[in-house]
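Following: one structure in structure tokens, then a few remarks.
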Amino acid sequence: MTAVRTHPQGTTPPPRLPVREKSGAREHGGALSPMLTRLAAERATGVLERERGSLYLAEGRVVHAESPLAPGLDVLLLAHGTLAPAVWQDAVGRADEEYGAARLLLDAGRVPRGALELCHLQTVYDAAYFALAPSSSPGHFHYGAGHWLGALRPVPVDVVERETLRRRELLDRLWPDPLTDGAPLRRSDAVAAPTPTARQSAVLALADGVRTAPDIARELGRQAFHTLVDARRLAAAGLLTALFPPPRTDRAAAVPGLPPRHAFARSTGTAAAEPSPGITLPRVNDPDITLLKRLRDALEAL
Amino acid sequence: MPGIDECLLEAMRLPGARGAALVDWTSGLALGAVGEFPGGDHEAAAAEAAEVARLTAEQRAFTPDGYDRHQSPGGPAGPDEPGGAAGVDPPVEDLIISNRDSYHVLRFVPTSFDSSVFLHVWLGRPDGNLALARIRLGEMAGRLVLG
């Protein structure tokens with residue numbers, strides 16, 4: 001027996017470290033949801049319900065997506081007056097299996113086909129980004145369930161998955177801290193910060209220490225992902241911080257005109273003596289700390 | 001009324017057209033694409049074109065006079081007003097990039113809802129006609145979303 005010669009006497013080789021085959025999984029799709037890949041292969045029709053959203057499939061292709069975190073087609077179309085609320089309600093009310101709401105709106109000439117396709121596609125990718133986010137519980141698929149909107153422009157499953165992965169990487173490139181995606185946002189004072197763009201200014205104006213990026217998106221009638229992008233860019237510029245841990249859901253904090261800091265202090269009572277974690281965090285934009293965080297993230301990414 | 005695909009196919013009828021796509025410049029997503037694109041990958045081309053489009057749309061230097069006044073009458077507090085902070089009309093109409101063998105024309109699409117999309121057409125230089133492409137793309141952008 002000479003095979004043990006490579007190791008010291010009396011020891012066994014250490015077990016190989018587990019390595020996740022990232023590249024392989026990505027090439028074959030299904031990196032996000034093996035179930036979705038299988039459903040696409042069997043050309044399934046129905047709805048896949050996951051923790052943070054649902055994907056509607058028709059013959060294995062994505063026809064619609066919804067997430068509580070992404071504003072729906074109705075929000076986008078009604079927010080700036082593309083459609084009157086009554087027209088939308090009427091179409092939704094009359095929609096059935098054969099004539100979806102989309103077809104009713106198009107047939108009645110209420111909205112141009114290009115505009116509806118464009119707006120709908122945007123909401124599909126937007127909601128799918130959240131629906132395909134890593135989840136702690138398995139998804140469920142209900143065969144046969146259709147959506148009252150009806151099919152407009154189906155998208156292959158692998159295209160939606162690829163785009164979702166690309167969006168994750170895009171956000172990570174802009175600013176590697178995902179906290180601004182879901183935590184309440186607050187403006188912060190930055191030294192020599194770049195001037196925000198017009199679209200970013202609108203996001204900043206609504207960052208009040210209570211609203212999250214998806215809340216702001218809904219209020220502006222914008223896609224949630226667009227607001228995530230703006231929030232990350234603003235965080236990178238030092239103009240915006242996420243409150244972590246999020247302040248307790250206290251309606252006092254939502255009083256307009258009252259800085260959340262005071263509302264929080266008053267509601268807890270102890271904050272005056274000892275700063276609570278939610279209040280100390282804006283200091284994270286201290287240039288030194290920011291630099292250290294970026295250094296840490298870069299080292300972790302090696 | 002044309003949908004996205006009809007609009008892109010119409011763009012492909014421009015002289016010298018090699019590829020046409022409808023791209024979101026915030027995310028870099030190609031919402032539709034026909035024909036061929038540099039490098040053979042329309043998704044990568046869309047992401048790169050989106051970056052250029054975004055920078056152009058965000059620079060104040062390229063914004064026409066009075067754009068801010070016209071776009072957000074309520075100032076920073078304008079999101080509640082119809083059409084307020086939405087920035088419904090993009091500040092820039094189009095963007096032209098030329099190289100030795102081809103032209104790229106990026107035409108921003110104004111929409112009545114919030115979006116950030118442009119039409120991207122790749123034209124071969126020998127047959128491409130920039131003046132014609134600009135006019136036609138403007139008409140197509142209008143028809144796509146206004147019917």
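Convention: chains lettered A, B, ... in structure tokens order; per-chain residue numbering from 1; ligands numbered from 1 as shown.
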
What's around A:Pro178 at 12 Å? Count only C-alpha atoms, leave out sequence neighbours fewer than 3 positions away in its own chain, and write the answer as a PDB file with N, CA and C atoms, in the first residue's frame.
```pdb
ATOM      1  N   ARG A 168     -29.518  41.774 -11.988  1.00  0.00           N
ATOM      2  CA  ARG A 168     -28.840  41.631 -10.699  1.00  0.00           C
ATOM      3  C   ARG A 168     -27.407  42.110 -10.804  1.00  0.00           C
ATOM      4  N   GLU A 169     -26.739  41.701 -11.889  1.00  0.00           N
ATOM      5  CA  GLU A 169     -25.339  42.102 -12.058  1.00  0.00           C
ATOM      6  C   GLU A 169     -25.220  43.605 -12.251  1.00  0.00           C
ATOM      7  N   LEU A 170     -26.175  44.176 -12.994  1.00  0.00           N
ATOM      8  CA  LEU A 170     -26.157  45.629 -13.217  1.00  0.00           C
ATOM      9  C   LEU A 170     -26.242  46.380 -11.888  1.00  0.00           C
ATOM     10  N   LEU A 171     -27.182  45.980 -11.038  1.00  0.00           N
ATOM     11  CA  LEU A 171     -27.325  46.644  -9.737  1.00  0.00           C
ATOM     12  C   LEU A 171     -26.058  46.486  -8.917  1.00  0.00           C
ATOM     13  N   ASP A 172     -25.487  45.287  -8.963  1.00  0.00           N
ATOM     14  CA  ASP A 172     -24.294  45.015  -8.174  1.00  0.00           C
ATOM     15  C   ASP A 172     -23.121  45.884  -8.639  1.00  0.00           C
ATOM     16  N   ARG A 173     -23.062  46.113  -9.959  1.00  0.00           N
ATOM     17  CA  ARG A 173     -21.989  46.964 -10.497  1.00  0.00           C
ATOM     18  C   ARG A 173     -22.150  48.409 -10.056  1.00  0.00           C
ATOM     19  N   LEU A 174     -23.407  48.871  -9.984  1.00  0.00           N
ATOM     20  CA  LEU A 174     -23.651  50.281  -9.662  1.00  0.00           C
ATOM     21  C   LEU A 174     -23.269  50.585  -8.218  1.00  0.00           C
ATOM     22  N   TRP A 175     -23.662  49.680  -7.317  1.00  0.00           N
ATOM     23  CA  TRP A 175     -23.398  49.860  -5.896  1.00  0.00           C
ATOM     24  C   TRP A 175     -23.669  48.523  -5.245  1.00  0.00           C
ATOM     25  N   ASP A 181     -32.540  48.488  -1.937  1.00  0.00           N
ATOM     26  CA  ASP A 181     -33.627  47.864  -2.709  1.00  0.00           C
ATOM     27  C   ASP A 181     -34.917  47.760  -1.913  1.00  0.00           C
ATOM     28  N   GLY A 182     -34.788  47.538  -0.587  1.00  0.00           N
ATOM     29  CA  GLY A 182     -36.012  47.252   0.146  1.00  0.00           C
ATOM     30  C   GLY A 182     -36.196  48.041   1.433  1.00  0.00           C
ATOM     31  N   ALA A 183     -35.157  48.738   1.880  1.00  0.00           N
ATOM     32  CA  ALA A 183     -35.257  49.450   3.154  1.00  0.00           C
ATOM     33  C   ALA A 183     -35.760  50.878   2.925  1.00  0.00           C
ATOM     34  N   ALA A 213     -37.804  51.951  -2.014  1.00  0.00           N
ATOM     35  CA  ALA A 213     -37.703  52.176  -3.464  1.00  0.00           C
ATOM     36  C   ALA A 213     -38.969  51.711  -4.203  1.00  0.00           C
ATOM     37  N   LEU A 228     -34.883  51.132  -8.409  1.00  0.00           N
ATOM     38  CA  LEU A 228     -33.751  50.459  -7.754  1.00  0.00           C
ATOM     39  C   LEU A 228     -32.436  50.970  -8.337  1.00  0.00           C
ATOM     40  N   VAL A 229     -32.408  51.140  -9.665  1.00  0.00           N
ATOM     41  CA  VAL A 229     -31.197  51.642 -10.326  1.00  0.00           C
ATOM     42  C   VAL A 229     -30.878  53.048  -9.828  1.00  0.00           C
ATOM     43  N   ALA A 231     -31.829  54.453  -7.064  1.00  0.00           N
ATOM     44  CA  ALA A 231     -31.481  54.428  -5.638  1.00  0.00           C
ATOM     45  C   ALA A 231     -30.024  53.989  -5.453  1.00  0.00           C
ATOM     46  N   ARG A 232     -29.599  52.992  -6.238  1.00  0.00           N
ATOM     47  CA  ARG A 232     -28.209  52.534  -6.100  1.00  0.00           C
ATOM     48  C   ARG A 232     -27.239  53.621  -6.582  1.00  0.00           C
ATOM     49  N   ARG A 233     -27.584  54.273  -7.690  1.00  0.00           N
ATOM     50  CA  ARG A 233     -26.698  55.337  -8.179  1.00  0.00           C
ATOM     51  C   ARG A 233     -26.614  56.472  -7.156  1.00  0.00           C
ATOM     52  N   ALA A 235     -27.115  56.211  -3.947  1.00  0.00           N
ATOM     53  CA  ALA A 235     -26.374  55.728  -2.784  1.00  0.00           C
ATOM     54  C   ALA A 235     -24.872  55.793  -3.064  1.00  0.00           C
ATOM     55  N   ALA A 236     -24.500  55.419  -4.297  1.00  0.00           N
ATOM     56  CA  ALA A 236     -23.082  55.454  -4.661  1.00  0.00           C
ATOM     57  C   ALA A 236     -22.559  56.894  -4.636  1.00  0.00           C
ATOM     58  N   THR A 241     -29.360  57.253   1.659  1.00  0.00           N
ATOM     59  CA  THR A 241     -28.982  56.109   2.492  1.00  0.00           C
ATOM     60  C   THR A 241     -30.221  55.292   2.797  1.00  0.00           C
ATOM     61  N   ALA A 242     -29.994  54.021   3.064  1.00  0.00           N
ATOM     62  CA  ALA A 242     -31.078  53.147   3.482  1.00  0.00           C
ATOM     63  C   ALA A 242     -31.034  53.068   5.000  1.00  0.00           C
ATOM     64  N   PHE A 244     -31.235  51.110   8.218  1.00  0.00           N
ATOM     65  CA  PHE A 244     -31.149  49.725   8.637  1.00  0.00           C
ATOM     66  C   PHE A 244     -30.656  49.659  10.073  1.00  0.00           C
ATOM     67  N   ASP A 297     -16.010  44.842   0.165  1.00  0.00           N
ATOM     68  CA  ASP A 297     -16.789  44.182  -0.881  1.00  0.00           C
ATOM     69  C   ASP A 297     -15.889  43.690  -2.002  1.00  0.00           C
TER      70      ASP A 297
END
```

As number ranges by chain, please: the residues near B:Phe108 (cut-off 9 Å, only C-alpha atoms, same-chain neighbours under 2 positions excluded).
B: 53, 57, 89-95, 106, 110, 116-120, 138, 141

Hey, list the chain A side of the contact with chain B: 7 Å cut-off, only C-alpha atoms, answer as a short mmCIF file (atom, residue, chain, number, x, y, z; two decimals) with N, CA and C atoms, in the first residue's frame.
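Contents of result_38.cif, as written:
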```
data_model
loop_
_atom_site.label_atom_id
_atom_site.label_comp_id
_atom_site.auth_asym_id
_atom_site.auth_seq_id
_atom_site.Cartn_x
_atom_site.Cartn_y
_atom_site.Cartn_z
N LEU A 76 -48.92 52.03 -14.09
CA LEU A 76 -48.15 52.74 -15.11
C LEU A 76 -49.07 53.48 -16.10
N LEU A 77 -50.17 52.81 -16.48
CA LEU A 77 -51.04 53.41 -17.49
C LEU A 77 -51.92 54.52 -16.92
N HIS A 80 -50.04 58.63 -15.33
CA HIS A 80 -49.81 59.86 -16.10
C HIS A 80 -50.90 60.07 -17.13
N GLY A 81 -52.04 59.40 -16.90
CA GLY A 81 -53.20 59.69 -17.73
C GLY A 81 -53.22 59.03 -19.09
N THR A 82 -52.42 57.97 -19.29
CA THR A 82 -52.47 57.26 -20.57
C THR A 82 -53.88 56.71 -20.78
N PRO A 112 -52.92 52.66 -28.20
CA PRO A 112 -52.23 52.10 -29.36
C PRO A 112 -51.54 50.78 -29.01
N ARG A 113 -51.49 49.87 -29.97
CA ARG A 113 -50.92 48.55 -29.72
C ARG A 113 -49.47 48.65 -29.23
N GLY A 114 -48.67 49.49 -29.91
CA GLY A 114 -47.26 49.62 -29.54
C GLY A 114 -47.10 50.07 -28.09
N ALA A 115 -47.90 51.05 -27.69
CA ALA A 115 -47.80 51.58 -26.33
C ALA A 115 -48.15 50.51 -25.31
N GLU A 117 -48.09 47.17 -25.73
CA GLU A 117 -47.07 46.12 -25.73
C GLU A 117 -45.84 46.57 -24.94
N THR A 197 -29.78 63.63 -11.64
CA THR A 197 -30.52 63.88 -12.87
C THR A 197 -31.96 64.21 -12.50
N SER A 201 -33.85 63.21 -9.15
CA SER A 201 -34.37 64.22 -8.24
C SER A 201 -35.77 63.87 -7.78
N ALA A 202 -36.57 63.32 -8.70
CA ALA A 202 -37.93 62.94 -8.33
C ALA A 202 -37.91 61.83 -7.28
N ALA A 205 -36.83 63.38 -3.94
CA ALA A 205 -37.87 64.20 -3.32
C ALA A 205 -38.82 63.35 -2.48
N LEU A 220 -44.53 57.34 -8.21
CA LEU A 220 -44.14 58.04 -9.43
C LEU A 220 -44.73 57.40 -10.68
N GLY A 221 -45.36 56.22 -10.53
CA GLY A 221 -45.87 55.51 -11.70
C GLY A 221 -44.74 55.03 -12.58
N ARG A 222 -43.67 54.56 -11.96
CA ARG A 222 -42.50 54.08 -12.68
C ARG A 222 -42.28 52.62 -12.40
N HIS A 226 -36.36 50.47 -12.32
CA HIS A 226 -35.77 51.78 -12.63
C HIS A 226 -35.46 52.55 -11.35
#
```

Looking only at strand (DSSP E) from DSSP on the backbone, list the matching residues of chain B as number ranges by chain.
B: 17-24, 30-35, 94-98, 102-108, 117-124

Using C-alpha atoms, can you export the residues from the last selection as a PDB file, in the first residue's frame?
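The resulting again-v5.pdb:
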```pdb
ATOM      1  CA  ALA B  17     -30.685  48.698 -42.558  1.00  0.00           C
ATOM      2  CA  ARG B  18     -28.840  45.799 -40.891  1.00  0.00           C
ATOM      3  CA  GLY B  19     -30.632  45.636 -37.542  1.00  0.00           C
ATOM      4  CA  ALA B  20     -33.298  47.408 -35.508  1.00  0.00           C
ATOM      5  CA  ALA B  21     -34.145  47.179 -31.812  1.00  0.00           C
ATOM      6  CA  LEU B  22     -36.326  48.826 -29.192  1.00  0.00           C
ATOM      7  CA  VAL B  23     -34.228  49.290 -26.066  1.00  0.00           C
ATOM      8  CA  ASP B  24     -34.821  50.491 -22.506  1.00  0.00           C
ATOM      9  CA  ALA B  30     -33.896  44.963 -25.690  1.00  0.00           C
ATOM     10  CA  LEU B  31     -37.708  44.847 -25.719  1.00  0.00           C
ATOM     11  CA  GLY B  32     -37.597  43.697 -29.314  1.00  0.00           C
ATOM     12  CA  ALA B  33     -34.930  43.167 -31.973  1.00  0.00           C
ATOM     13  CA  VAL B  34     -34.810  42.150 -35.642  1.00  0.00           C
ATOM     14  CA  GLY B  35     -31.924  41.691 -38.062  1.00  0.00           C
ATOM     15  CA  ASP B  94     -31.933  61.373 -31.496  1.00  0.00           C
ATOM     16  CA  LEU B  95     -28.304  60.432 -31.397  1.00  0.00           C
ATOM     17  CA  ILE B  96     -26.171  59.579 -34.417  1.00  0.00           C
ATOM     18  CA  ILE B  97     -22.948  57.629 -34.281  1.00  0.00           C
ATOM     19  CA  SER B  98     -20.934  56.972 -37.407  1.00  0.00           C
ATOM     20  CA  SER B 102     -21.847  52.000 -40.632  1.00  0.00           C
ATOM     21  CA  TYR B 103     -24.208  54.417 -38.898  1.00  0.00           C
ATOM     22  CA  HIS B 104     -26.106  53.946 -35.655  1.00  0.00           C
ATOM     23  CA  VAL B 105     -29.195  56.065 -35.176  1.00  0.00           C
ATOM     24  CA  LEU B 106     -30.764  56.092 -31.701  1.00  0.00           C
ATOM     25  CA  ARG B 107     -34.198  57.706 -31.654  1.00  0.00           C
ATOM     26  CA  PHE B 108     -35.737  58.438 -28.238  1.00  0.00           C
ATOM     27  CA  VAL B 117     -36.916  53.665 -24.464  1.00  0.00           C
ATOM     28  CA  PHE B 118     -35.290  54.379 -27.794  1.00  0.00           C
ATOM     29  CA  LEU B 119     -35.272  52.863 -31.262  1.00  0.00           C
ATOM     30  CA  HIS B 120     -31.824  51.726 -32.363  1.00  0.00           C
ATOM     31  CA  VAL B 121     -31.156  51.235 -36.065  1.00  0.00           C
ATOM     32  CA  TRP B 122     -27.871  50.007 -37.503  1.00  0.00           C
ATOM     33  CA  LEU B 123     -27.314  51.113 -41.108  1.00  0.00           C
ATOM     34  CA  GLY B 124     -24.637  50.052 -43.560  1.00  0.00           C
TER      35      GLY B 124
END
```

For stretch 149-155 of chain A: contacts at 9 Å, only C-alpha atoms, fewer than 3 positions along chain excluded, given as a PyMOL selection string:
chain A and resi 57-58+61-64+92+95-103+116-117+120-121+146+158-160

Using the selection just defined, write its residues with C-alpha atoms as a short mmCIF file (atom, residue, chain, number, x, y, z; two decimals), in the first residue's frame.
```cif
data_model
loop_
_atom_site.label_atom_id
_atom_site.label_comp_id
_atom_site.auth_asym_id
_atom_site.auth_seq_id
_atom_site.Cartn_x
_atom_site.Cartn_y
_atom_site.Cartn_z
CA LEU A 57 -47.17 30.95 -18.55
CA ALA A 58 -48.98 30.07 -21.75
CA ARG A 61 -43.81 31.12 -22.47
CA VAL A 62 -44.18 34.04 -20.07
CA VAL A 63 -47.29 36.06 -20.84
CA HIS A 64 -47.58 38.04 -17.63
CA VAL A 92 -60.97 44.54 -16.53
CA ALA A 95 -62.53 40.52 -19.56
CA ASP A 96 -63.11 36.77 -19.81
CA GLU A 97 -61.21 33.68 -20.96
CA GLU A 98 -61.63 34.50 -24.64
CA TYR A 99 -61.32 38.28 -24.63
CA GLY A 100 -58.66 39.47 -22.22
CA ALA A 101 -58.59 43.06 -21.01
CA ALA A 102 -55.71 43.84 -23.36
CA ARG A 103 -57.66 42.77 -26.42
CA LEU A 116 -49.65 48.71 -24.64
CA GLU A 117 -47.07 46.12 -25.73
CA HIS A 120 -46.79 45.55 -20.60
CA LEU A 121 -43.38 44.11 -21.52
CA GLY A 146 -54.88 32.18 -17.15
CA ASP A 158 -34.84 31.69 -20.85
CA VAL A 159 -34.92 35.31 -22.04
CA VAL A 160 -36.69 36.39 -18.83
#
```

DSSP says helix (DSSP H, G or I) for which residues of chain B? Put them as a PyMOL selection string?
chain B and resi 4-11+38-40+42-58+60-62+67-71+75-80+130-146

Can you list, as a ChimeraX atom specification, every protein, DNA or RNA residue that comes within 7 Å of A:Arg187 when you count only C-alpha atoms, leaving out same-chain residues fewer than 6 positions away?
/A:204,207,239-241

In terms of the shortest atom-to-atom distance over only C-alpha atoms, which of A:Leu165, A:Ala193, A:Ala40, A:Leu243 is closest to A:Leu132?
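Answer, going by the shortest atom-to-atom distance: A:Leu165.
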
Separation of atom CA of A:Ala301 from atom CA of A:Ile289, in Å and rounded to one decimal:
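Answer for the atom CA of A:Ala301 to atom CA of A:Ile289 separation: 18.2 Å.
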
Gap from atom CA of A:Ser33 to atom CA of A:His140 - Å, one decimal:
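These two atoms are separated by 11.4 Å.
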
In Å, rounded to a single decimal, give me how far atom CA of B:Ala46 is from atom CA of A:Gly60.
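Computing it gives 25.5 Å between the two atoms.
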
Quick one: everything within 10 Å of A:Asp215, counting only C-alpha atoms, minus sequence neighbours fewer than 3 positions away in the same chain. Send it as a VMD selection string.
chain A and resid 69 to 71 182 184 206 to 207 210 to 212 218 to 221 224 227

For the residues in that selection, give me C-alpha atoms as a compact mmCIF listing (two decimals), in the first residue's frame.
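The resulting file, out_11.txt, is shown below:
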```
# COMPACT_ATOMS: atom_id res chain seq x y z
CA LEU A 69 -43.01 45.00 -5.18
CA ALA A 70 -43.51 46.09 -8.81
CA PRO A 71 -46.22 48.55 -9.90
CA GLY A 182 -36.01 47.25 0.15
CA PRO A 184 -36.74 52.90 3.83
CA LEU A 206 -39.88 61.21 -2.09
CA ALA A 207 -37.13 59.67 0.07
CA VAL A 210 -40.39 55.89 5.43
CA ARG A 211 -40.84 55.02 1.77
CA THR A 212 -38.84 52.20 0.18
CA ARG A 218 -45.51 53.20 -7.26
CA GLU A 219 -45.97 56.82 -6.33
CA LEU A 220 -44.14 58.04 -9.43
CA GLY A 221 -45.87 55.51 -11.70
CA ALA A 224 -39.65 49.38 -9.66
CA THR A 227 -36.13 53.12 -9.11
```
